[in-house]
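Visitor: Starting off with a structure, shown below.
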Amino acid sequence: MGLVEGSIAVKAVIDSKYRTVKNIYLNKEKKSSDITYILKQAQIKNIRVEKVAKEVIDRLSKGKTHGGIIAEVSDRKMQSVISILKKDKPFIVLLEGVEDSFNLGYIFRTLYAFGCDGIILKERYIDYDDSTIIKSSAGASELLPIVYSDDLAETISILKNNGIVVVSAFRGNQPFNLYDYDFSNQGLLICIGGPLRGLSGVVLENSDSFIYIPYKNNFRNALNAASATSVIASEIYRQNRGR
């Protein structure tokens with residue numbers, strides 16, 4: 001059980017297939033089109049709404065950007081790796097080492113916008129803040145299937161056995177220029193590492209190919225995970241936009 005704050009986040013969890021909204025606390029003075037939508041959906045779904053003073057919202061919230069509304073929600077239901085293989089040629093992303101909740105949310109927003117069909121994360125050993133992720137993703141995190149894996153080698157093996165090609169963003173092992181690699185017409189697992197540890201050996205050992213993002217300027221430092229994800233996902237979308 002946890003709290004999410006702000007109208008964008010509350011709208012996202014109300015519409016989510018992956019969690020249940022228990023209660024909504026609303027500043028009794030607050031009015032907007034988002035609030036109207038939330039109240040209508042809450043009535044349809046029999047979600048309890050409690051209209052309270054602003055001070056109550058301030059006391060319950062963690063931050064100052066709650067916008068006068070907070071929802072009490074269940075923990076998110078996670079998906080199995082098989083569940084993200086429903087599409088014929090899915091676009092799946094494996095993320096390793098992205099430990100900041102804001103950055104994870106930004107990545108989710110980008111991936112949803114460019115048509116990602118599912119996310120794989122290592123078993124949840126990091127204390128992510130769901131409310132921060134939902135807000136920074138503009139609600140996209142509640143629309144994306146997410147799989148937590150405690151055995152990445154096994155998870156990747158399942159995907160490969162189902163025709164998925166594994167491509168890692170890694171400058172070693174004779175990588176392809178991103179813009180020379182053909183992403184079209186195939187199921188994809190794109191593996192992207194965070195700024196500190198990058199991708200683990202088990203992921204690199206089980207990769208079929210490697211790609212790198214070419215730079216215009218002579219710049220030796222890697223893009224951060226959120227920026228790299230945007231560049232890669234945009235190119236995958238560009239190549240597959242007619243599908």
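The chains in the structure tokens are called A, B, ... from first to last as shown; in each chain the residues are counted from 1, and the ligands are counted from 1 in the order shown.
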Give the helix (DSSP H, G or I) residues of segment 180-236 of chain A, as DSSP finds them on the backbone, and put them as an MDAnalysis selection string.
Guide: chainID A and resid 180 201:205 225:236
Visitor: Would you write out those residues with N, CA and C atoms, as a PDB file, in the first residue's frame?
Guide:
```
ATOM      1  N   ASP A 180      22.977   2.151 -38.619  1.00  0.00           N
ATOM      2  CA  ASP A 180      23.238   1.130 -39.631  1.00  0.00           C
ATOM      3  C   ASP A 180      22.597  -0.206 -39.280  1.00  0.00           C
ATOM      4  N   GLY A 201      27.662  -8.724 -16.970  1.00  0.00           N
ATOM      5  CA  GLY A 201      28.270  -9.725 -17.833  1.00  0.00           C
ATOM      6  C   GLY A 201      27.266 -10.714 -18.369  1.00  0.00           C
ATOM      7  N   VAL A 202      26.279 -11.093 -17.551  1.00  0.00           N
ATOM      8  CA  VAL A 202      25.311 -12.092 -17.992  1.00  0.00           C
ATOM      9  C   VAL A 202      24.471 -11.572 -19.156  1.00  0.00           C
ATOM     10  N   VAL A 203      24.182 -10.282 -19.162  1.00  0.00           N
ATOM     11  CA  VAL A 203      23.427  -9.697 -20.277  1.00  0.00           C
ATOM     12  C   VAL A 203      24.297  -9.624 -21.526  1.00  0.00           C
ATOM     13  N   LEU A 204      25.523  -9.147 -21.367  1.00  0.00           N
ATOM     14  CA  LEU A 204      26.421  -9.024 -22.521  1.00  0.00           C
ATOM     15  C   LEU A 204      26.730 -10.391 -23.134  1.00  0.00           C
ATOM     16  N   GLU A 205      26.929 -11.393 -22.296  1.00  0.00           N
ATOM     17  CA  GLU A 205      27.243 -12.742 -22.794  1.00  0.00           C
ATOM     18  C   GLU A 205      26.084 -13.355 -23.577  1.00  0.00           C
ATOM     19  N   ALA A 225      21.393   7.207 -19.241  1.00  0.00           N
ATOM     20  CA  ALA A 225      20.470   6.156 -19.683  1.00  0.00           C
ATOM     21  C   ALA A 225      19.191   6.736 -20.286  1.00  0.00           C
ATOM     22  N   ALA A 226      18.679   7.809 -19.700  1.00  0.00           N
ATOM     23  CA  ALA A 226      17.442   8.398 -20.209  1.00  0.00           C
ATOM     24  C   ALA A 226      17.647   8.974 -21.606  1.00  0.00           C
ATOM     25  N   SER A 227      18.762   9.661 -21.819  1.00  0.00           N
ATOM     26  CA  SER A 227      19.042  10.240 -23.136  1.00  0.00           C
ATOM     27  C   SER A 227      19.298   9.148 -24.167  1.00  0.00           C
ATOM     28  N   ALA A 228      20.100   8.145 -23.793  1.00  0.00           N
ATOM     29  CA  ALA A 228      20.386   7.040 -24.715  1.00  0.00           C
ATOM     30  C   ALA A 228      19.114   6.304 -25.102  1.00  0.00           C
ATOM     31  N   THR A 229      18.251   6.092 -24.129  1.00  0.00           N
ATOM     32  CA  THR A 229      16.975   5.420 -24.415  1.00  0.00           C
ATOM     33  C   THR A 229      16.157   6.207 -25.424  1.00  0.00           C
ATOM     34  N   SER A 230      16.123   7.527 -25.279  1.00  0.00           N
ATOM     35  CA  SER A 230      15.357   8.363 -26.206  1.00  0.00           C
ATOM     36  C   SER A 230      15.874   8.223 -27.625  1.00  0.00           C
ATOM     37  N   VAL A 231      17.197   8.250 -27.791  1.00  0.00           N
ATOM     38  CA  VAL A 231      17.795   8.165 -29.118  1.00  0.00           C
ATOM     39  C   VAL A 231      17.510   6.797 -29.746  1.00  0.00           C
ATOM     40  N   ILE A 232      17.723   5.742 -28.977  1.00  0.00           N
ATOM     41  CA  ILE A 232      17.548   4.378 -29.504  1.00  0.00           C
ATOM     42  C   ILE A 232      16.088   4.090 -29.809  1.00  0.00           C
ATOM     43  N   ALA A 233      15.197   4.423 -28.876  1.00  0.00           N
ATOM     44  CA  ALA A 233      13.771   4.146 -29.075  1.00  0.00           C
ATOM     45  C   ALA A 233      13.212   4.928 -30.257  1.00  0.00           C
ATOM     46  N   SER A 234      13.691   6.138 -30.440  1.00  0.00           N
ATOM     47  CA  SER A 234      13.240   6.947 -31.568  1.00  0.00           C
ATOM     48  C   SER A 234      13.638   6.305 -32.893  1.00  0.00           C
ATOM     49  N   GLU A 235      14.862   5.772 -32.971  1.00  0.00           N
ATOM     50  CA  GLU A 235      15.308   5.123 -34.209  1.00  0.00           C
ATOM     51  C   GLU A 235      14.543   3.832 -34.470  1.00  0.00           C
ATOM     52  N   ILE A 236      14.260   3.065 -33.422  1.00  0.00           N
ATOM     53  CA  ILE A 236      13.466   1.849 -33.599  1.00  0.00           C
ATOM     54  C   ILE A 236      12.079   2.197 -34.109  1.00  0.00           C
TER      55      ILE A 236
END
```
Visitor: Contacts of segment 107-116 of chain A at 6 Å or less, counting only C-alpha atoms, minus same-chain residues fewer than 2 places along, as an mmCIF file with C-alpha atoms, in the first residue's frame?
Guide:
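Resulting contents of result18.cif:
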```
data_model
loop_
_atom_site.group_PDB
_atom_site.id
_atom_site.type_symbol
_atom_site.label_atom_id
_atom_site.label_comp_id
_atom_site.auth_asym_id
_atom_site.auth_seq_id
_atom_site.Cartn_x
_atom_site.Cartn_y
_atom_site.Cartn_z
ATOM 1 C CA PHE A 91 9.720 -4.237 -28.677
ATOM 2 C CA ILE A 92 10.956 -4.995 -25.146
ATOM 3 C CA LEU A 104 13.337 5.657 -14.375
ATOM 4 C CA GLY A 105 10.110 7.591 -14.826
ATOM 5 C CA GLY A 118 7.229 -4.170 -21.969
ATOM 6 C CA SER A 137 6.640 9.354 -16.400
ATOM 7 C CA ALA A 140 3.185 6.138 -18.620
ATOM 8 C CA SER A 141 4.589 3.762 -15.992
ATOM 9 C CA ALA A 226 17.442 8.398 -20.209
ATOM 10 C CA TYR A 237 10.167 3.654 -34.019
#
```
Visitor: In Å, with one decimal, what is the gap from atom CA of Pro145 of chain A to atom CA of Val49 of chain A?
Guide: 27.6 Å
Visitor: Give me the residues within 8 Å of segment 99-102 of chain A as a short mmCIF file (atom, residue, chain, number, x, y, z; two decimals) with all heavy atoms, in the first residue's frame, counting only C-alpha atoms and dropping any in the same chain fewer than 3 places off.
Guide:
```cif
data_model
loop_
_atom_site.label_atom_id
_atom_site.label_comp_id
_atom_site.auth_asym_id
_atom_site.auth_seq_id
_atom_site.Cartn_x
_atom_site.Cartn_y
_atom_site.Cartn_z
N GLY A 105 11.37 7.06 -14.31
CA GLY A 105 10.11 7.59 -14.83
C GLY A 105 10.27 8.25 -16.19
O GLY A 105 9.44 8.06 -17.08
N TYR A 106 11.34 9.03 -16.36
CA TYR A 106 11.59 9.67 -17.65
C TYR A 106 11.77 8.62 -18.75
O TYR A 106 11.28 8.77 -19.87
CB TYR A 106 12.85 10.54 -17.59
CG TYR A 106 12.77 11.69 -16.62
CD1 TYR A 106 13.91 12.13 -15.94
CD2 TYR A 106 11.56 12.34 -16.37
CE1 TYR A 106 13.85 13.18 -15.04
CE2 TYR A 106 11.49 13.40 -15.47
CZ TYR A 106 12.64 13.81 -14.81
OH TYR A 106 12.58 14.84 -13.91
N ILE A 126 16.11 -2.29 -5.27
CA ILE A 126 16.21 -0.85 -5.06
C ILE A 126 14.87 -0.33 -4.58
O ILE A 126 13.82 -0.75 -5.06
CB ILE A 126 16.60 -0.14 -6.37
CG1 ILE A 126 17.96 -0.65 -6.86
CG2 ILE A 126 16.65 1.36 -6.20
CD1 ILE A 126 18.29 -0.26 -8.27
N TYR A 128 12.53 1.90 -5.08
CA TYR A 128 11.95 2.90 -5.96
C TYR A 128 10.76 3.56 -5.28
O TYR A 128 10.05 2.94 -4.50
CB TYR A 128 11.47 2.27 -7.27
CG TYR A 128 12.57 1.74 -8.16
CD1 TYR A 128 12.57 0.42 -8.59
CD2 TYR A 128 13.59 2.58 -8.60
CE1 TYR A 128 13.57 -0.06 -9.43
CE2 TYR A 128 14.59 2.10 -9.44
CZ TYR A 128 14.57 0.78 -9.85
OH TYR A 128 15.55 0.32 -10.67
N ASP A 129 10.54 4.84 -5.62
CA ASP A 129 9.37 5.55 -5.11
C ASP A 129 8.31 5.59 -6.22
O ASP A 129 8.48 6.28 -7.22
CB ASP A 129 9.76 6.97 -4.69
CG ASP A 129 8.58 7.73 -4.12
OD1 ASP A 129 8.27 7.53 -2.93
OD2 ASP A 129 7.96 8.50 -4.87
N ASP A 130 7.24 4.82 -6.03
CA ASP A 130 6.22 4.68 -7.08
C ASP A 130 5.61 6.03 -7.46
O ASP A 130 5.37 6.29 -8.64
CB ASP A 130 5.12 3.73 -6.62
CG ASP A 130 5.50 2.27 -6.79
OD1 ASP A 130 6.62 2.01 -7.28
OD2 ASP A 130 4.70 1.40 -6.45
N THR A 132 6.90 9.02 -7.36
CA THR A 132 7.86 9.79 -8.16
C THR A 132 7.93 9.24 -9.58
O THR A 132 7.94 9.99 -10.56
CB THR A 132 9.25 9.74 -7.52
OG1 THR A 132 9.19 10.35 -6.22
CG2 THR A 132 10.28 10.48 -8.37
N ILE A 133 7.97 7.92 -9.71
CA ILE A 133 8.03 7.30 -11.03
C ILE A 133 6.79 7.63 -11.85
O ILE A 133 6.87 7.99 -13.02
CB ILE A 133 8.18 5.77 -10.90
CG1 ILE A 133 9.57 5.43 -10.34
CG2 ILE A 133 7.98 5.08 -12.24
CD1 ILE A 133 9.74 3.96 -9.99
N SER A 136 6.96 11.45 -12.83
CA SER A 136 7.99 11.80 -13.82
C SER A 136 7.74 11.12 -15.16
O SER A 136 8.21 11.59 -16.20
CB SER A 136 9.39 11.46 -13.30
OG SER A 136 9.54 10.08 -13.07
N GLY A 194 22.69 1.52 -16.75
CA GLY A 194 22.75 2.79 -16.04
C GLY A 194 24.14 3.36 -16.00
O GLY A 194 25.10 2.76 -16.48
#
```
Visitor: Provide the atom CA of Val98 of chain A to atom CA of Ser200 of chain A distance in Å, to one decimal place.
Guide: 12.5 Å
Visitor: Report as number ranges by chain all protein, DNA and RNA residues lying within 8 Å of segment 64-68 of chain A, evaluated on only C-alpha atoms, omitting residues in the same chain fewer than 5 positions from it.
Guide: A: 5-7, 26-27, 30, 54, 57-58
Visitor: Which is closer to Ile119 of chain A than all the others in A:Asp75, A:Ala53, A:Gly163, A:Tyr148, using only C-alpha atoms?
Guide: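 The shortest atom-to-atom distance to Ile119 of chain A comes from A:Tyr148.
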Visitor: Taking 6 positions as the minimum chain separation for residues in the same chain, which residues sit within 8 Å of Asp208 of chain A when counting only C-alpha atoms? Answer as a PDB file with all heavy atoms, in the first residue's frame.
Guide:
```
ATOM      1  N   VAL A 165      15.312 -11.131 -30.689  1.00  0.00           N
ATOM      2  CA  VAL A 165      16.722 -10.810 -30.907  1.00  0.00           C
ATOM      3  C   VAL A 165      17.191  -9.869 -29.797  1.00  0.00           C
ATOM      4  O   VAL A 165      16.527  -8.870 -29.497  1.00  0.00           O
ATOM      5  CB  VAL A 165      16.914 -10.142 -32.284  1.00  0.00           C
ATOM      6  CG1 VAL A 165      18.370  -9.738 -32.483  1.00  0.00           C
ATOM      7  CG2 VAL A 165      16.459 -11.082 -33.394  1.00  0.00           C
ATOM      8  N   VAL A 166      18.328 -10.201 -29.184  1.00  0.00           N
ATOM      9  CA  VAL A 166      18.829  -9.442 -28.040  1.00  0.00           C
ATOM     10  C   VAL A 166      19.944  -8.499 -28.501  1.00  0.00           C
ATOM     11  O   VAL A 166      20.993  -8.941 -28.993  1.00  0.00           O
ATOM     12  CB  VAL A 166      19.355 -10.381 -26.935  1.00  0.00           C
ATOM     13  CG1 VAL A 166      19.861  -9.567 -25.740  1.00  0.00           C
ATOM     14  CG2 VAL A 166      18.258 -11.355 -26.512  1.00  0.00           C
ATOM     15  N   VAL A 167      19.705  -7.195 -28.335  1.00  0.00           N
ATOM     16  CA  VAL A 167      20.654  -6.172 -28.783  1.00  0.00           C
ATOM     17  C   VAL A 167      21.009  -5.286 -27.596  1.00  0.00           C
ATOM     18  O   VAL A 167      20.122  -4.706 -26.961  1.00  0.00           O
ATOM     19  CB  VAL A 167      20.047  -5.313 -29.912  1.00  0.00           C
ATOM     20  CG1 VAL A 167      21.057  -4.269 -30.388  1.00  0.00           C
ATOM     21  CG2 VAL A 167      19.601  -6.186 -31.079  1.00  0.00           C
TER      22      VAL A 167
END
```
Visitor: Restricting the calculation to only C-alpha atoms, which member of A:Leu60, A:Ile82, A:Cys191, A:Val93 is positioned closest to Phe170 of chain A?
Guide: A:Cys191
Visitor: If you run DSSP on the backbone, which residues of segment 106-199 of chain A are strand (DSSP E or B), as a list in words?
Guide: Gly118, Ile119, Ile120, Leu121, Lys122, Ile146, Val147, Tyr148, Ser149, Ile164, Val165, Val166, Val167, Ser168, Ala169, Phe176, Asn177, Gly187, Leu188, Leu189, Ile190, Cys191, Ile192 and Gly193 of chain A
